[in-house]
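Notes follow once the structure below has been shown.
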Amino acid sequence: MSIAQAEWNALDRALDRLLDLDFVRRERELREIAVSDPDQARTLRRLLASLDSDDPIAGLAESTLFTEAFADVPKLGPGTQVGQWQVLSQLGAGGMAEVYQAERQIGDNRQVAALKVMALGTASEHAQSRFAQETGILARLEDPRLSRLIDAGRLADGRPWLAMEYVDGAPVDQAADQQRLNLRQRVELLIEVARALDQAHRLLVIHRDIKPANILLDRQGRPRVLDFGIAKLVDPSEADSDRTATIWQAYTLRFASPEQLTGAPTGVASDVFQLGLLLHLLLTGRRAYADCDDQPMALLQAIRRGPGLPSRLWLNGDAAMALDRRSTPSRLRREIAGDLDSIILRALQAEPQARYRGSGELADDLQRWLDGLAVQARSASRGYRARRWLRRYRLPVAASLLVLVMLAGYALMVMGQRDALEAERNRTQAVLDSLTEMFSVADPYADGAESVTVAEVVQQTADRLLGEPGEDPQVQAALLERLSDLAESNRDINRQIRLLQAAHDVIRSNDLDPAWAAQLMLNVAQAQAATGDYAQARISLDRALPDLNQDDRYSARLFSAQLLAEAAEKEAAATQISALLTELPTGPQHAARTANAHNSLALILGSQGKLAESAQHYRAALEAAPRDKPADWDLVGTIRSNLGVTLARQRRYAESEAEFRAVLEWREQSLGAEHPAVANAASVYSPLLIRTLRLQTASALMRKHYRPDDARHRGSYRWPDYMVNYARAAIYSGGHELAVSLTVQAAEALALQVPSTHPRMRKVLDYLAWWLFEVGEQELSLALAKHVDPQPADSPLSSGVLLLLLDNDQEHAELDEAIAGDPCKSVELTVLRAALAGEREFNDLTLPDHCEGLRAARLTQLGVRWQPDWAGNIQTESYSSPLARRLLGEEIEPLSEEVRQSVQALLAHVAPEP
Amino acid sequence: MSSPHTDAITAEQASVTAILNDAQSSRDALDRVFGLVYGELKQIANRVAGAGSSATLSPTVLVHEVYAKLIGAAQLEVGGRQHFYALCARTMRQIVVDHARGKLADKRGGGAQVVELTDSGAIDLAQPQSMLALDQALDRLQQRDPRLVELLQYRVFAGMELDQIAELMEVGVRQLQRDWKRARIWLTEALAESS
């Protein structure tokens with residue numbers, strides 16, 4: 001043993017502690033250990049690093065040695081004679097049997113069959129006669145969709161064998177994906193399989209092992225069912241086996257019915273269940289119980305709980321799977337949601353008698369779905385039939401619209417019953433809640449076309465509701481409020497405001513609950529503030545105040561303070577929020593409100609430059625924030641990101657980084673790497689990485705989360721800003737062409753949002769002008785700079801470009817004066833002037849430690865000294881400015897013609913020749 | 001499927017349950033169960049496995065089949081379950097290692113063989129000598145911390161998930177995740193020591 005036990009113990013204890021820490025804290029701790037015991041720190045680093053290398057034992061279960069150790073069954077070699085059959089080759093081996101290709105000569109004809117040799121032998125006379133009886137029944141199955149039994153017998157060692165019609169094909173799930181069958185074709189396939197099974201069921205033969213490997217798609221594209229009834233032939237519990245009592249049965253765990261798992265009698269219903277599993281797999285690409293179907297006990301429990309809605313499997317969008325079905329994730333979700341969901345769930349009921357009564361009934365229901373008729377699996381409610389009717393006549397309506405039609409239909413029905421009972425009202429509420437929920441799970445990042453439809457439908461439904469006087473105002477108002485939720489989730493603020501006002505008016509004019517009306521008016525005020533209309537928001541707030549209940553009053557006070565802050569009365573706002581915080585009761589119902597209040601106060605303090613206090617309140621907000629619902633975690637993420645920004649401003653980079661990383665990692669784990677909120681977290685994190693000159697890391701992070709062609713991002717408000725951040729990282733890490741191209745795309749996307757004179761657009765163009773200057777495209781840079789007309793005081797980086805624009809001493813003097821208060825920019829200007837004039841030595845110049853990292857990086861490359869304010873804490877990565885390289889006399893790769901043309905096209909758009 | 005045997009427990013199985021439930025069982029008794037588990041594992045594997053059908057032969061499936069076969073519907077106490085799974089995991093390790101040893105003997109006529117680690121530090125488990133090296137590394141680790149070896153055996157040879165193992169070993173999942181990382185670190189270290 002190379003390490004003494006005492007030392008081993010010490011290392012082990014240290015490992016246990018370190019493994020519990022996140023990356024940043026672990027690094028800090030390791031550095032502390034290194035101070036007192038550098039050897040131990042080195043060893044710990046080496047040991048921890050071994051976790052990152054390939055896991056030496058992960059592959060064990062797949063190792064051939066492992067398999068071999070458990071498999072000593074004698075095989076039949078080619079040429080072996082089995083009855084009249086001669087073995088040609090082995091086709092495969094399954095859980096119950098080995099399968100060989102074999103042939104026999106009948107007269108002049110050669111017949112090929114799949115020869116199945118069972119792993120289990122049953123030797124007794126009784127078993128043999130039963131075997132003959134069973135095979136006799138199987139031989140009568142004549143359906144062309146079934147692979148027929150041709151011959152049977154047993155080997156010398158007692159193992160039975162069966163010769164089955166040989167089918168040349170591939171397992172149905174793989175074949176369907178290969179041929180990219182769409183949803184309807186897949187349903188048609190399953191109907192064929194179910195009809196074939198139905199034929200066999202009529203002869204009282206049950207398959208009992210339905211799974212993709214037993215359903216092949218032959219060369220003609222027809223499904224063929226293999227191995228009918230074989231499970232029963234080899235089931236020892238059916239035989240007179242007296243050696244062991246066992247619950248061993250012939251089934252495949254992943255496709256087992258609950259009856260098989262518990263050892264209960266299996267009948268037709270078991271086949272129906274397995275058909276349900278197959279349907280699930282074919283439609284969604286996933287097994288219904290993929291999480292646990294390798295463990296019998298867990299699987300059984302999961303079956304008893306029932307699977308989730310199959311259509312919900314696309315919440316994170318599996319584009320490849322959808323492509324195999326010639327569709328998109330959101331379209332598939334819409335198509336499966338509802339009827340197909342219900343059909344699958346009906347087939348997968350844990351109780352056999354709750355399923356379809358036979359596979360024929362399942363096939364019938366699927367056929368009804370194909371024909372656009374109402375399916376039996378769903379109760380025939382009025383709204384449901386309306387939706388069905390719509391589908392049948394193939395109106396070009398989105399699923400979301402149908403939800404709303406259903407909602408309206410249901411509401412009108414309830415309203416029609418003027419004397420509806422209280423219980424009925426509650427039920428209405430429950431229905432509305434669930435509908436709203438259905439809506440909120442719809443992909444908020446779906447493309448724009450659908451959103452327009454939703455917006456229109458919300459409006460039409462609202463119009464219709466308001467146009468039906470005499471309906472129950474209570475229900476009417478509740479519906480309008482729900483519709484406003486939908487408008488909000490669709491980011492349609494103006495419509496949301498109108499709907500809230502309409503709901504408010506209905507309540508007021510009918511003398512319903514004034515606190516409810518006031519609450520709606522408060523929501524109106526908040527929505528108005530979100531549009532930037534603070535004056536109107538203040539008016540609405542004042543209207544709401546008198547009738548608010550106590551809890552809403554707290555929210556109103558917080559909102560009132562936020563309005564003050566927006567009106568630049570930050571002191572007053574801070575005072576109000578502080579007062580509110582002392583009065584807010586503790587307890588879970590106020591947790592989110594308290595967290596919000598701290599967060600708002602921290603924002604105000606931060607904007608006043610009171611960074612330490614700001615950070616303190618962010619921490620208090622985190623302390624208070626609830627963590628029960630997903631929405632709570634959004635709030636926590638927002639607060640932590642804000643805290644990260646404040647810490648970075650305090651130059652506490654490591655702590656700031658810990659916050660950003662935590663948000664990023666948590667979202668990535670809980671939402672999946674593809675989710676836009678993860679991309680968002682990466683974007684908020686990247687400026688810190690750029691600031692501390694870790695440009696490769698920043699570039700890689702942005703590349704991971706943003707594909708420029710991803711439609712989900714392009715439409716989003718912040719996308720152009722994120723792309724500029726990406727470009728900032730790229731240009732100083734060797735990707736100057738990428739940087740220019742990204743910035744052009746950012747400007748193009750922004751052009752869809754704002755006019756070319758908008759400050760946001762000017763900022764993006766300002767960056768683009770600078771990148772072009774850096775890479776030596778002076779003409780393009782100047783043309784853009786003239787359009788942008790950068791102002792030295794607020795322009796992020798254009799002093800170099802400005803130099804090109806200035807043409808007399810007077811203007812140069814004005815520029816010097818304008819940036820005199822900024823020593824970083826002053827040094828830069830001095831250096832650039834000199835460098836452009838051919839000077840190369842700047843060793844006597846020193847930059848202040850707080851200078852912006854990218855500017856400083858550029859200048860240090862030219863020889864200016866600089867000690868960054870994070871020195872020693874953070875390992876910077878290599879950086880390289882194209883401008884600095886050019887000034888030092890190096891050649892740099894020119895922009896490609898394609899990118900130059902995209903710049904020119906942009907120029908023509910934003911700055912047309914007068 | 002109305003066999004009277006379906007839900008019955010034979011006398012032998014009942015005694016297995018009794019032994020496993022009795023944490024104070026003598027070593028002999030446990031060894032007897034070990035033999036039973038070994039026999040069942042091989043027998044079930046022979047039924048389930050065919051060449052190249054590793055998909056159906058995951059350690060998890062094997063262990064669950066053995067469980068179903070030997071324990072069936074009988075109730076096992078926590079201590080008994082732990083004994084059972086520990087036995088299974090140990091037995092499966094034994095079977096794989098015996099097989100590797102036999103294979104090596106066939107090939108080389110006996111004699112030890114040094115394991116070469118690849119650049120990444122991973123070992124090629126298709127090589128019998130790697131399996132033996134793994135076995136020795138586990139033995140070495142056994143002297144340092146037997147619980148880590150128990151954990152490794154559950155995970156690697158019985159194919160159990162961490163949350164199941166946590167339940168079995170009666171520790172929190174978070175602690176077990178750390179233990180699992182420690183186990184991997186020290187096993188890698190022990191493997192490196194032998195090369």
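So you can find residues: chains in the structure tokens are A, B, ... in the order shown, residues in each start at 1, and ligands are numbered from 1 in order.
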Need the shell around Gln86 in chain A: protein/DNA/RNA residues with any atom at most 6 Å away, counting only C-alpha atoms. Skip same-chain ones fewer than 2 positions apart. Format as a list in words?
Gly79, Thr80, Gln81, Ala102 and Glu103 of chain A
Excluding Arg147 in chain B and any residue of its chain fewer than 5 positions from it, enumerate the residues within 12 Å of it, using only C-alpha atoms, and give them as a count of residues only.
17
Find the residues near Gln650 in chain A: any atom within 10 Å, counting only C-alpha atoms, skip ones fewer than 3 places away on the same chain, and give them as a ChimeraX atom specification.
/A:609-612,615,644-647,653,656
Between CA of Ile215 in chain A and CA of Asn182 in chain A, what is the spacing in Å?
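CA of Asn182 in chain A sits 18.1 Å away from CA of Ile215 in chain A.
Between CA of Asp227 in chain A and CA of His207 in chain A the interatomic distance comes to 7.5 Å.
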Residues at most 10 Å from range 832-834 of chain A, counting only C-alpha atoms, excluding those fewer than 3 positions away in the same chain, as a PyMOL selection string?
chain A and resi 799-800+803+826-829+837-842+859+862+883-884+887
As number ranges by chain, please: every residue in range 145-328 of chain A that a backbone DSSP assignment puts in alpha helix (DSSP H).
A: 172-178, 183-202, 230-233, 258-262, 268-284, 296-305, 319-323
Hey, can you check how far CA of Leu91 in chain A sits from CA of Lys116 in chain A?
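For CA of Leu91 in chain A relative to CA of Lys116 in chain A, the distance reads 9.7 Å.
Between chain A and the residues B:Ala158, B:Val63, B:His99, B:Leu151, the shortest atom-to-atom distance, using only C-alpha atoms, involves B:His99.
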